[in-house]
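What follows is the content of run-v8.cif, which has mmCIF, C-alpha atoms and all ligand atoms:
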data_query
#
loop_
_atom_site.label_atom_id
_atom_site.label_comp_id
_atom_site.auth_asym_id
_atom_site.auth_seq_id
_atom_site.Cartn_x
_atom_site.Cartn_y
_atom_site.Cartn_z
CA MET H 1 0.00 0.00 0.00
CA PRO H 2 1.48 3.40 -0.93
CA ASP H 3 2.35 5.94 1.73
CA ALA H 4 -0.88 7.65 2.84
CA GLY H 5 0.79 11.07 2.80
CA ALA H 6 1.99 10.75 -0.79
CA GLY H 7 -1.35 11.56 -2.38
CA ALA H 8 -1.96 14.83 -0.62
CA MET H 9 1.40 16.14 -1.80
CA PHE H 10 0.84 15.62 -5.53
CA SER H 11 0.02 18.55 -7.76
CA PHE H 12 0.71 19.47 -11.37
CA LEU H 13 3.17 22.22 -12.25
CA PRO H 14 1.82 25.08 -14.40
CA PRO H 15 1.51 23.58 -17.90
CA GLU H 16 4.09 24.45 -20.52
CA TRP H 17 2.42 25.09 -23.90
CA LEU H 18 4.22 24.42 -27.19
CA VAL H 19 2.89 25.48 -30.59
CA ALA H 20 4.08 22.28 -32.26
CA ILE H 21 6.11 19.22 -31.30
CA ASP H 22 6.41 15.67 -32.58
CA SER H 23 4.83 14.25 -29.42
CA THR H 24 4.43 15.73 -25.96
CA SER H 25 5.29 12.33 -24.44
CA SER H 26 8.45 12.04 -26.56
CA GLU H 27 9.41 15.56 -25.51
CA ILE H 28 9.18 14.75 -21.79
CA LYS H 29 11.05 11.48 -22.31
CA ARG H 30 13.84 13.27 -24.22
CA ARG H 31 14.22 15.87 -21.49
CA TYR H 32 14.39 13.21 -18.83
CA LEU H 33 16.86 11.07 -20.74
CA GLU H 34 19.08 13.96 -21.80
CA GLY H 35 19.29 15.95 -18.63
CA GLY H 36 17.28 14.26 -15.93
CA ASP H 37 14.97 17.27 -16.06
CA GLY H 38 12.00 15.54 -14.60
CA PRO H 39 10.17 17.40 -11.85
CA ASN H 40 7.18 15.55 -10.47
CA GLY H 41 4.00 16.91 -12.04
CA LEU H 42 5.71 18.44 -15.12
CA VAL H 43 3.04 19.05 -17.82
CA VAL H 44 3.82 19.67 -21.49
CA ALA H 45 0.94 20.44 -23.86
CA ALA H 46 0.97 21.20 -27.57
CA GLU H 47 -1.42 22.86 -29.98
CA ARG H 48 -0.28 20.40 -32.65
CA GLN H 49 1.68 17.14 -32.66
CA THR H 50 3.42 16.09 -35.85
CA ALA H 51 3.98 12.51 -34.71
CA GLY H 52 1.45 11.92 -31.94
CA ARG H 53 1.69 8.37 -30.63
CA GLY H 54 -1.04 6.01 -29.48
CA ARG H 55 -0.97 2.59 -27.87
CA MET H 56 0.23 -0.48 -29.79
CA GLY H 57 2.40 1.62 -32.10
CA ARG H 58 -0.58 3.48 -33.53
CA SER H 59 -0.46 7.16 -34.34
CA TRP H 60 -2.63 9.84 -32.77
CA VAL H 61 -3.80 12.52 -35.18
CA SER H 62 -3.35 15.86 -33.45
CA GLN H 63 -4.75 18.71 -35.50
CA PRO H 64 -4.70 22.21 -33.98
CA GLY H 65 -7.92 22.97 -32.16
CA ALA H 66 -9.39 19.48 -32.48
CA GLY H 67 -8.19 18.17 -29.17
CA LEU H 68 -6.20 18.56 -26.03
CA PHE H 69 -2.78 16.92 -26.35
CA PHE H 70 -0.61 16.83 -23.28
CA SER H 71 1.68 14.63 -21.22
CA PHE H 72 2.79 14.70 -17.63
CA LEU H 73 5.58 13.19 -15.58
CA LEU H 74 5.02 11.35 -12.34
CA ARG H 75 7.75 10.14 -10.02
CA PRO H 76 6.51 6.80 -8.78
CA ASP H 77 8.52 6.71 -5.56
CA GLY H 78 7.91 3.47 -3.72
CA LEU H 79 5.37 2.07 -6.17
CA THR H 80 5.81 -1.29 -7.87
CA LEU H 81 5.43 -1.79 -11.63
CA GLN H 82 2.15 -3.60 -11.00
CA GLN H 83 0.78 -0.61 -9.06
CA LEU H 84 1.95 1.77 -11.79
CA GLY H 85 -0.10 -0.19 -14.31
CA THR H 86 -3.31 1.11 -12.77
CA LEU H 87 -2.47 4.84 -13.06
CA PRO H 88 -4.16 5.11 -16.49
CA MET H 89 -7.40 4.02 -14.81
CA ALA H 90 -7.16 6.90 -12.35
CA CYS H 91 -6.54 9.21 -15.33
CA ALA H 92 -9.51 7.80 -17.25
CA LEU H 93 -11.71 8.48 -14.24
CA GLY H 94 -10.35 12.02 -13.99
CA VAL H 95 -11.32 12.67 -17.61
CA ALA H 96 -14.73 11.10 -17.00
CA ASP H 97 -15.19 13.48 -14.04
CA PHE H 98 -14.21 16.45 -16.21
CA LEU H 99 -16.70 15.39 -18.90
CA ALA H 100 -19.46 14.63 -16.39
CA ALA H 101 -19.12 18.18 -15.06
CA ARG H 102 -20.03 19.30 -18.60
CA GLY H 103 -23.02 16.97 -18.76
CA VAL H 104 -21.37 14.14 -20.74
CA GLU H 105 -21.49 10.74 -19.04
CA CYS H 106 -18.72 8.38 -20.12
CA GLN H 107 -17.71 4.79 -19.84
CA CYS H 108 -14.20 3.65 -19.12
CA LYS H 109 -13.01 0.87 -21.38
CA TRP H 110 -10.47 -1.26 -19.59
CA PRO H 111 -7.67 -0.53 -19.27
CA ASN H 112 -7.43 3.09 -20.42
CA ASP H 113 -9.88 4.44 -22.99
CA VAL H 114 -12.74 6.80 -22.29
CA LEU H 115 -15.86 6.29 -24.41
CA ALA H 116 -18.88 8.54 -24.80
CA GLY H 117 -21.95 7.53 -26.76
CA ALA H 118 -20.74 5.39 -29.64
CA GLY H 119 -17.11 6.42 -29.75
CA LYS H 120 -13.78 7.05 -28.11
CA ILE H 121 -13.32 10.52 -26.64
CA CYS H 122 -9.99 10.10 -24.88
CA GLY H 123 -6.93 7.89 -25.21
CA ILE H 124 -4.18 7.44 -22.65
CA LEU H 125 -0.62 6.26 -23.22
CA SER H 126 1.42 5.42 -20.14
CA GLU H 127 5.14 4.75 -20.50
CA THR H 128 8.08 4.35 -18.14
CA VAL H 129 11.46 5.88 -18.80
CA ALA H 130 14.62 5.40 -16.79
CA ASN H 131 17.91 7.26 -16.50
CA SER H 132 20.67 6.98 -13.92
CA ALA H 133 18.53 9.00 -11.49
CA GLY H 134 15.73 6.45 -11.60
CA ARG H 135 12.50 5.55 -13.32
CA VAL H 136 9.60 7.90 -13.97
CA LEU H 137 6.22 7.55 -15.59
CA VAL H 138 5.20 9.63 -18.61
CA VAL H 139 1.46 9.70 -19.21
CA GLY H 140 0.19 11.16 -22.48
CA MET H 141 -3.44 12.04 -22.96
CA GLY H 142 -5.45 13.01 -26.00
CA VAL H 143 -8.94 14.37 -25.36
CA ASN H 144 -11.15 15.05 -28.39
CA LEU H 145 -12.70 18.48 -27.90
CA ASN H 146 -14.02 19.62 -31.28
CA PRO H 147 -15.28 17.27 -34.01
CA ASP H 148 -12.69 16.46 -36.69
CA PRO H 149 -13.36 13.67 -39.22
CA ARG H 150 -9.66 12.78 -39.48
CA VAL H 151 -9.46 11.62 -35.87
CA GLY H 152 -11.72 8.57 -36.18
CA GLN H 153 -10.03 7.43 -39.37
CA ALA H 154 -6.65 7.52 -37.72
CA ILE H 155 -7.51 5.53 -34.63
CA GLU H 156 -9.48 2.94 -36.66
CA GLN H 157 -12.46 3.21 -34.39
CA ALA H 158 -15.35 5.60 -34.05
CA ALA H 159 -14.28 8.83 -32.41
CA VAL H 160 -16.41 11.45 -30.71
CA ALA H 161 -15.57 14.85 -29.29
CA LEU H 162 -16.95 16.84 -26.38
CA GLY H 163 -18.45 19.30 -28.86
CA ASP H 164 -20.54 16.50 -30.44
CA PHE H 165 -22.56 16.44 -27.23
CA THR H 166 -22.63 20.08 -26.21
CA GLU H 167 -22.48 21.82 -29.61
CA GLU H 168 -19.99 24.26 -28.17
CA ARG H 169 -16.43 24.89 -29.31
CA TYR H 170 -13.57 24.51 -26.87
CA ASP H 171 -10.18 26.16 -26.65
CA PRO H 172 -7.64 23.56 -25.47
CA ARG H 173 -5.72 26.18 -23.47
CA GLU H 174 -8.84 27.14 -21.54
CA VAL H 175 -9.87 23.55 -20.91
CA LEU H 176 -6.54 22.16 -19.69
CA PRO H 177 -6.66 23.60 -16.13
CA ASP H 178 -10.05 21.95 -15.50
CA VAL H 179 -8.81 18.63 -16.87
CA LEU H 180 -5.69 18.81 -14.69
CA ASN H 181 -7.75 19.60 -11.58
CA ALA H 182 -9.98 16.58 -12.22
CA LEU H 183 -6.95 14.36 -12.86
CA ALA H 184 -5.08 15.56 -9.79
CA ALA H 185 -8.03 14.74 -7.55
CA ARG H 186 -8.11 11.14 -8.77
CA ILE H 187 -4.32 10.75 -8.78
CA ARG H 188 -4.12 11.92 -5.14
CA VAL H 189 -6.58 9.23 -4.10
CA TRP H 190 -4.72 6.65 -6.21
CA LEU H 191 -1.38 7.62 -4.62
CA ALA H 192 -2.79 7.52 -1.11
CA GLU H 193 -4.98 4.41 -1.33
CA GLY H 194 -3.74 2.52 -4.38
CA PHE H 195 -6.06 0.99 -6.95
CA ASP H 196 -8.48 0.13 -4.16
CA GLY H 197 -9.32 3.83 -3.81
CA ILE H 198 -10.62 4.09 -7.39
CA ARG H 199 -11.80 0.56 -8.09
CA ARG H 200 -15.47 1.01 -7.21
CA ASP H 201 -15.86 4.15 -9.32
CA PHE H 202 -14.02 2.58 -12.25
CA VAL H 203 -16.25 -0.50 -12.15
CA ALA H 204 -19.32 1.76 -12.00
CA ARG H 205 -18.22 3.23 -15.35
CA LEU H 206 -16.80 0.01 -16.79
CA TRP H 207 -17.60 -0.49 -20.47
CA GLY H 208 -19.05 -3.93 -21.20
CA MET H 209 -19.85 -4.85 -17.59
CA GLU H 210 -21.79 -8.16 -17.60
CA GLN H 211 -21.60 -8.18 -21.41
CA PRO H 212 -20.03 -10.87 -23.59
CA VAL H 213 -16.65 -9.80 -24.95
CA ARG H 214 -13.62 -11.20 -26.76
CA VAL H 215 -10.19 -10.29 -25.42
CA ARG H 216 -7.00 -10.73 -27.40
CA THR H 217 -4.06 -11.05 -25.02
CA PRO H 218 -0.38 -11.86 -25.52
CA LYS H 219 -1.25 -15.41 -24.38
CA GLY H 220 -4.19 -15.96 -26.73
CA THR H 221 -7.85 -15.11 -27.06
CA GLU H 222 -10.44 -15.34 -24.29
CA GLU H 223 -14.20 -14.99 -24.45
CA GLY H 224 -16.56 -14.41 -21.59
CA GLN H 225 -18.67 -11.88 -19.74
CA ILE H 226 -16.95 -9.02 -17.97
CA ALA H 227 -17.41 -9.68 -14.26
CA GLY H 228 -15.46 -6.74 -12.81
CA LEU H 229 -11.90 -5.88 -11.85
CA GLY H 230 -9.55 -7.64 -9.46
CA SER H 231 -7.63 -5.98 -6.65
CA ASP H 232 -4.64 -5.27 -8.91
CA GLY H 233 -6.76 -3.80 -11.68
CA GLU H 234 -6.93 -6.97 -13.78
CA LEU H 235 -10.05 -7.61 -15.89
CA LEU H 236 -12.14 -10.52 -14.62
CA LEU H 237 -13.99 -12.61 -17.21
CA ARG H 238 -16.61 -15.29 -16.58
CA ARG H 239 -16.40 -17.95 -19.30
CA ALA H 240 -19.46 -19.76 -20.66
CA ASP H 241 -18.42 -22.95 -18.81
CA GLY H 242 -18.58 -21.10 -15.47
CA THR H 243 -14.83 -20.82 -14.92
CA SER H 244 -13.16 -17.43 -14.46
CA VAL H 245 -10.04 -15.91 -15.90
CA ALA H 246 -8.10 -12.78 -14.99
CA VAL H 247 -6.68 -10.76 -17.88
CA HIS H 248 -3.67 -8.57 -17.13
CA SER H 249 -2.87 -7.08 -20.53
CA VAL H 250 -4.83 -6.71 -23.71
CA ALA H 251 -4.20 -6.11 -27.40
CA ALA H 252 -7.90 -5.82 -28.26
CA LEU H 253 -11.18 -5.92 -26.37
CA GLU H 254 -14.39 -6.09 -28.36
CA PRO H 255 -18.03 -7.06 -27.95
CA VAL H 256 -19.02 -10.54 -29.19
C1 LIG H 301 -4.33 5.64 -27.39
O1 LIG H 301 -5.54 5.60 -27.16
O2 LIG H 301 -3.82 4.89 -28.24
C2 LIG H 301 -3.47 6.61 -26.61
C3 LIG H 301 -3.42 7.93 -27.27
C4 LIG H 301 -2.57 8.96 -26.53
C5 LIG H 301 -2.42 10.25 -27.29
C6 LIG H 301 -1.74 11.31 -26.48
S1 LIG H 301 -1.82 12.89 -27.23
C7 LIG H 301 -0.65 13.54 -26.12
C8 LIG H 301 0.39 12.45 -25.89
N1 LIG H 301 1.43 12.54 -26.87
C9 LIG H 301 1.45 11.48 -27.68
O3 LIG H 301 2.25 11.32 -28.62
N2 LIG H 301 0.50 10.62 -27.33
C10 LIG H 301 -0.26 11.09 -26.18
#
Have the structure of the file written as structure tokens, please.
Ligand code: BTN
Amino acid sequence: MPDAGAGAMFSFLPPEWLVAIDSTSSEIKRRYLEGGDGPNGLVVAAERQTAGRGRMGRSWVSQPGAGLFFSFLLRPDGLTLQQLGTLPMACALGVADFLAARGVECQCKWPNDVLAGAGKICGILSETVANSAGRVLVVGMGVNLNPDPRVGQAIEQAAVALGDFTEERYDPREVLPDVLNALAARIRVWLAEGFDGIRRDFVARLWGMEQPVRVRTPKGTEEGQIAGLGSDGELLLRRADGTSVAVHSVAALEPV
């Protein structure tokens, strides 16, 4: 269990805005690798990314004005790799809180997508990077703010934006402080209480709960109904024959 005081101490630094960069996550990683410049809570955001990266080697289309593209650095002092694996779930909940405050109810697709209506509204890429000073976590987040037809094509799945629901337009620079506040609140609980502190809320928003799904994992394909999440954040499936299986990592998760 993490140190109970750790959560209360976490806060983001004032975000640094760039007009254009290849990838905000690559930028933080470079800085950390080159000079160890990695203060806890460092936030780098960009109006445009020329080589935005998604999970599984995919790209993340990052057109100016369409979305919020930012990354942050977290020093995971005292946390194990297994514990670190659940940080994206705290981030997904933070984004869901931000969207709920604007009247948009979301589902969290295990392990780290945020869905609204029929599409994906936010993607999260969590990476570790190590130099001689130690290992840090770089979390990159893309939140679709204003509809842009290129986004869905690029991520090969339906995409939606906040503006699809509210019919307003959003300025990423104005939105970022609210998103960071919502994230920080969830991350503090996660740091103080571990995954246990966010598990119930994540399950309440869990996409596919009690629904039949197919999961492609590094070890093969599993089918079953989603039964919830285990204490380490693993996805629990109930197979048709009544047995259960815990899934720890996933290449694809889809309805059957
Ligand atoms: C995914 O769903 O595949 C994760 C997408 C993460 C995209 C964000 S945008 C800001 C940050 N910089 C990147 O290059 N990727 C992340």
Legend entry - Residue nearest Phe202 (chain H) among H:Leu93, H:Ile124, H:Ile226, H:Val215 (counting all atoms listed in the file): H:Leu93
Inset, instruction - Could you tell me how far CA of Val43 (chain H) lies from CA of Phe72 (chain H), in Å and to one decimal? - result: 4.4 Å
Inset, instruction - Tell me which protein, DNA and RNA residues are within 8 Å of Phe12 (chain H), counting all atoms listed in the file, leaving out same-chain ones fewer than 3 positions away, and put them as a VMD selection string. - result: chain H and resid 15 40 to 43 180 184
Inset, instruction - Write out as a PyMOL selection string which residues come within 9 Å of Ala227 (chain H) when counting all atoms listed in the file, dropping same-chain ones fewer than 6 positions away. - result: chain H and resi 209-211+235-238+244
Just-selected residues, C-alpha atoms written as a PDB file, keeping the file's coordinate frame:
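Output file part_12.pdb is given in full below:
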ATOM      1  CA  MET H 209     -19.850  -4.850 -17.590  1.00  0.00           C
ATOM      2  CA  GLU H 210     -21.790  -8.160 -17.600  1.00  0.00           C
ATOM      3  CA  GLN H 211     -21.600  -8.180 -21.410  1.00  0.00           C
ATOM      4  CA  LEU H 235     -10.050  -7.610 -15.890  1.00  0.00           C
ATOM      5  CA  LEU H 236     -12.140 -10.520 -14.620  1.00  0.00           C
ATOM      6  CA  LEU H 237     -13.990 -12.610 -17.210  1.00  0.00           C
ATOM      7  CA  ARG H 238     -16.610 -15.290 -16.580  1.00  0.00           C
ATOM      8  CA  SER H 244     -13.160 -17.430 -14.460  1.00  0.00           C
TER       9      SER H 244
END
Inset, instruction - Dump the neighbourhood of ligand LIG 301 (chain H) as a list in words: all residues within 7 Å, distances computed on all atoms listed in the file. - result: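 These are the residues that qualify: Ser23, Thr24, Ser25, Ser26, Ala51, Gly52, Arg53, Gly54, Arg55, Met56, Arg58, Trp60, Phe69, Phe70, Ser71, Asp113, Cys122, Gly123, Ile124, Leu125, Gly140, Met141 and Gly142 of chain H.
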Legend entry - Close residues, Phe195 (chain H) itself excluded, 10 Å, only C-alpha atoms, min 3 positions apart in chain, as a list of chain:residue names: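 Skipping anything fewer than 3 positions along the chain leaves H:Met1, H:Pro2, H:Gln83, H:Leu84, H:Gly85, H:Thr86, H:Leu87, H:Met89, H:Ala90, H:Val189, H:Trp190, H:Leu191, H:Ala192, H:Ile198, H:Arg199, H:Arg200, H:Phe202, H:Gly230, H:Ser231, H:Asp232, H:Gly233.
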Inset, instruction - Using all atoms listed in the file, determine which residues lie at most 7 Å from Leu183 (chain H), disregarding the query and same-chain residues fewer than 5 positions distant; provide the list as a PyMOL selection string. - result: chain H and resi 91+94-95
Inset, instruction - Kindly indicate which residue among H:Gly78, H:Val61, H:Val139, H:Phe98 lies nearest to Pro177 (chain H), using only C-alpha atoms for the distances. - result: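 Of the candidates, the smallest distance to Pro177 (chain H) is held by H:Phe98.
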Legend entry - H:Ile121, H:Ala66, H:Ile187, H:Leu137 ranked by distance to Ser11 (chain H), top pick (using all atoms listed in the file):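 When distances to Ser11 (chain H) are compared using all atoms listed in the file, the smallest one comes from H:Ile187.
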Inset, instruction - Give me the residues within 9 Å of Glu254 (chain H) as a PyMOL selection string, counting only C-alpha atoms and dropping any in the same chain fewer than 6 places off. - result: chain H and resi 208+212-216
Legend entry - Residue nearest Leu206 (chain H) among H:Gln107, H:Ser249, H:Gln157, H:Asn181 (counting only C-alpha atoms): H:Gln107
Could you give me, as JSON lines, a per-residue list for region 149-252 of chain H showing, wherever an atom lies at most 12 Å from an atom of region 100-105 of chain H, the closest pair of atoms and their distance in Å to one decimal, using only C-alpha atoms and sorting by chain then residue number from low to high?
{"residue": "H:Val160", "atom": "CA", "partner": "H:Val104", "partner_atom": "CA", "distance": 11.5}
{"residue": "H:Ala161", "atom": "CA", "partner": "H:Val104", "partner_atom": "CA", "distance": 10.4}
{"residue": "H:Leu162", "atom": "CA", "partner": "H:Val104", "partner_atom": "CA", "distance": 7.7}
{"residue": "H:Gly163", "atom": "CA", "partner": "H:Val104", "partner_atom": "CA", "distance": 10.1}
{"residue": "H:Asp164", "atom": "CA", "partner": "H:Val104", "partner_atom": "CA", "distance": 10.0}
{"residue": "H:Phe165", "atom": "CA", "partner": "H:Val104", "partner_atom": "CA", "distance": 7.0}
{"residue": "H:Thr166", "atom": "CA", "partner": "H:Arg102", "partner_atom": "CA", "distance": 8.1}
{"residue": "H:Glu167", "atom": "CA", "partner": "H:Arg102", "partner_atom": "CA", "distance": 11.6}
{"residue": "H:Glu168", "atom": "CA", "partner": "H:Arg102", "partner_atom": "CA", "distance": 10.8}
{"residue": "H:Tyr170", "atom": "CA", "partner": "H:Arg102", "partner_atom": "CA", "distance": 11.7}
{"residue": "H:Val175", "atom": "CA", "partner": "H:Arg102", "partner_atom": "CA", "distance": 11.3}
{"residue": "H:Asp178", "atom": "CA", "partner": "H:Ala101", "partner_atom": "CA", "distance": 9.8}
{"residue": "H:Val179", "atom": "CA", "partner": "H:Ala101", "partner_atom": "CA", "distance": 10.5}
{"residue": "H:Asn181", "atom": "CA", "partner": "H:Ala101", "partner_atom": "CA", "distance": 12.0}
{"residue": "H:Ala182", "atom": "CA", "partner": "H:Ala101", "partner_atom": "CA", "distance": 9.7}
{"residue": "H:Ala204", "atom": "CA", "partner": "H:Glu105", "partner_atom": "CA", "distance": 11.6}
{"residue": "H:Arg205", "atom": "CA", "partner": "H:Glu105", "partner_atom": "CA", "distance": 9.0}
{"residue": "H:Leu206", "atom": "CA", "partner": "H:Glu105", "partner_atom": "CA", "distance": 11.9}
{"residue": "H:Trp207", "atom": "CA", "partner": "H:Glu105", "partner_atom": "CA", "distance": 12.0}
Inset, instruction - One decimal, Å: what's the distance from CA of Glu27 (chain H) over to CA of Ala116 (chain H), could you say? - result: 29.2 Å
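Coordinates place CA of Gly194 (chain H) at a distance of 18.5 Å from CA of Glu127 (chain H).
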Legend entry - Residue with smallest distance to Phe10 (chain H) - pool H:Leu145, H:Ala45, H:Ala185, H:Cys108, counting only C-alpha atoms: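 Residue with the minimum atom-to-atom distance to Phe10 (chain H): H:Ala185.
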Please reconstruct the missing atoms of region 171-184 of chain H (target: N, CA and C atoms) and return them as a JSON list (two decimals), keeping the file's coordinate frame.
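The resulting file, selection_24.json, is reproduced below:
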[["chain", "number", "residue", "atom", "x", "y", "z"],
["H", 171, "ASP", "N", -11.57, 25.76, -26.46],
["H", 171, "ASP", "CA", -10.18, 26.16, -26.65],
["H", 171, "ASP", "C", -9.32, 25.29, -25.73],
["H", 172, "PRO", "N", -8.44, 24.47, -26.31],
["H", 172, "PRO", "CA", -7.64, 23.56, -25.47],
["H", 172, "PRO", "C", -6.92, 24.26, -24.31],
["H", 173, "ARG", "N", -6.44, 25.49, -24.54],
["H", 173, "ARG", "CA", -5.72, 26.18, -23.47],
["H", 173, "ARG", "C", -6.64, 26.54, -22.31],
["H", 174, "GLU", "N", -7.91, 26.80, -22.63],
["H", 174, "GLU", "CA", -8.84, 27.14, -21.54],
["H", 174, "GLU", "C", -9.30, 25.90, -20.78],
["H", 175, "VAL", "N", -9.34, 24.78, -21.50],
["H", 175, "VAL", "CA", -9.87, 23.55, -20.91],
["H", 175, "VAL", "C", -8.85, 22.83, -20.02],
["H", 176, "LEU", "N", -7.56, 22.96, -20.39],
["H", 176, "LEU", "CA", -6.54, 22.16, -19.69],
["H", 176, "LEU", "C", -6.56, 22.31, -18.16],
["H", 177, "PRO", "N", -6.68, 23.53, -17.60],
["H", 177, "PRO", "CA", -6.66, 23.60, -16.13],
["H", 177, "PRO", "C", -7.77, 22.77, -15.48],
["H", 178, "ASP", "N", -8.96, 22.75, -16.08],
["H", 178, "ASP", "CA", -10.05, 21.95, -15.50],
["H", 178, "ASP", "C", -9.74, 20.46, -15.59],
["H", 179, "VAL", "N", -9.16, 20.05, -16.72],
["H", 179, "VAL", "CA", -8.81, 18.63, -16.87],
["H", 179, "VAL", "C", -7.75, 18.26, -15.83],
["H", 180, "LEU", "N", -6.76, 19.12, -15.65],
["H", 180, "LEU", "CA", -5.69, 18.81, -14.69],
["H", 180, "LEU", "C", -6.24, 18.75, -13.26],
["H", 181, "ASN", "N", -7.16, 19.64, -12.93],
["H", 181, "ASN", "CA", -7.75, 19.60, -11.58],
["H", 181, "ASN", "C", -8.47, 18.27, -11.35],
["H", 182, "ALA", "N", -9.24, 17.85, -12.36],
["H", 182, "ALA", "CA", -9.98, 16.58, -12.22],
["H", 182, "ALA", "C", -9.01, 15.40, -12.12],
["H", 183, "LEU", "N", -7.95, 15.45, -12.91],
["H", 183, "LEU", "CA", -6.95, 14.36, -12.86],
["H", 183, "LEU", "C", -6.24, 14.33, -11.51],
["H", 184, "ALA", "N", -5.84, 15.51, -11.05],
["H", 184, "ALA", "CA", -5.08, 15.56, -9.79],
["H", 184, "ALA", "C", -5.89, 14.99, -8.64]]
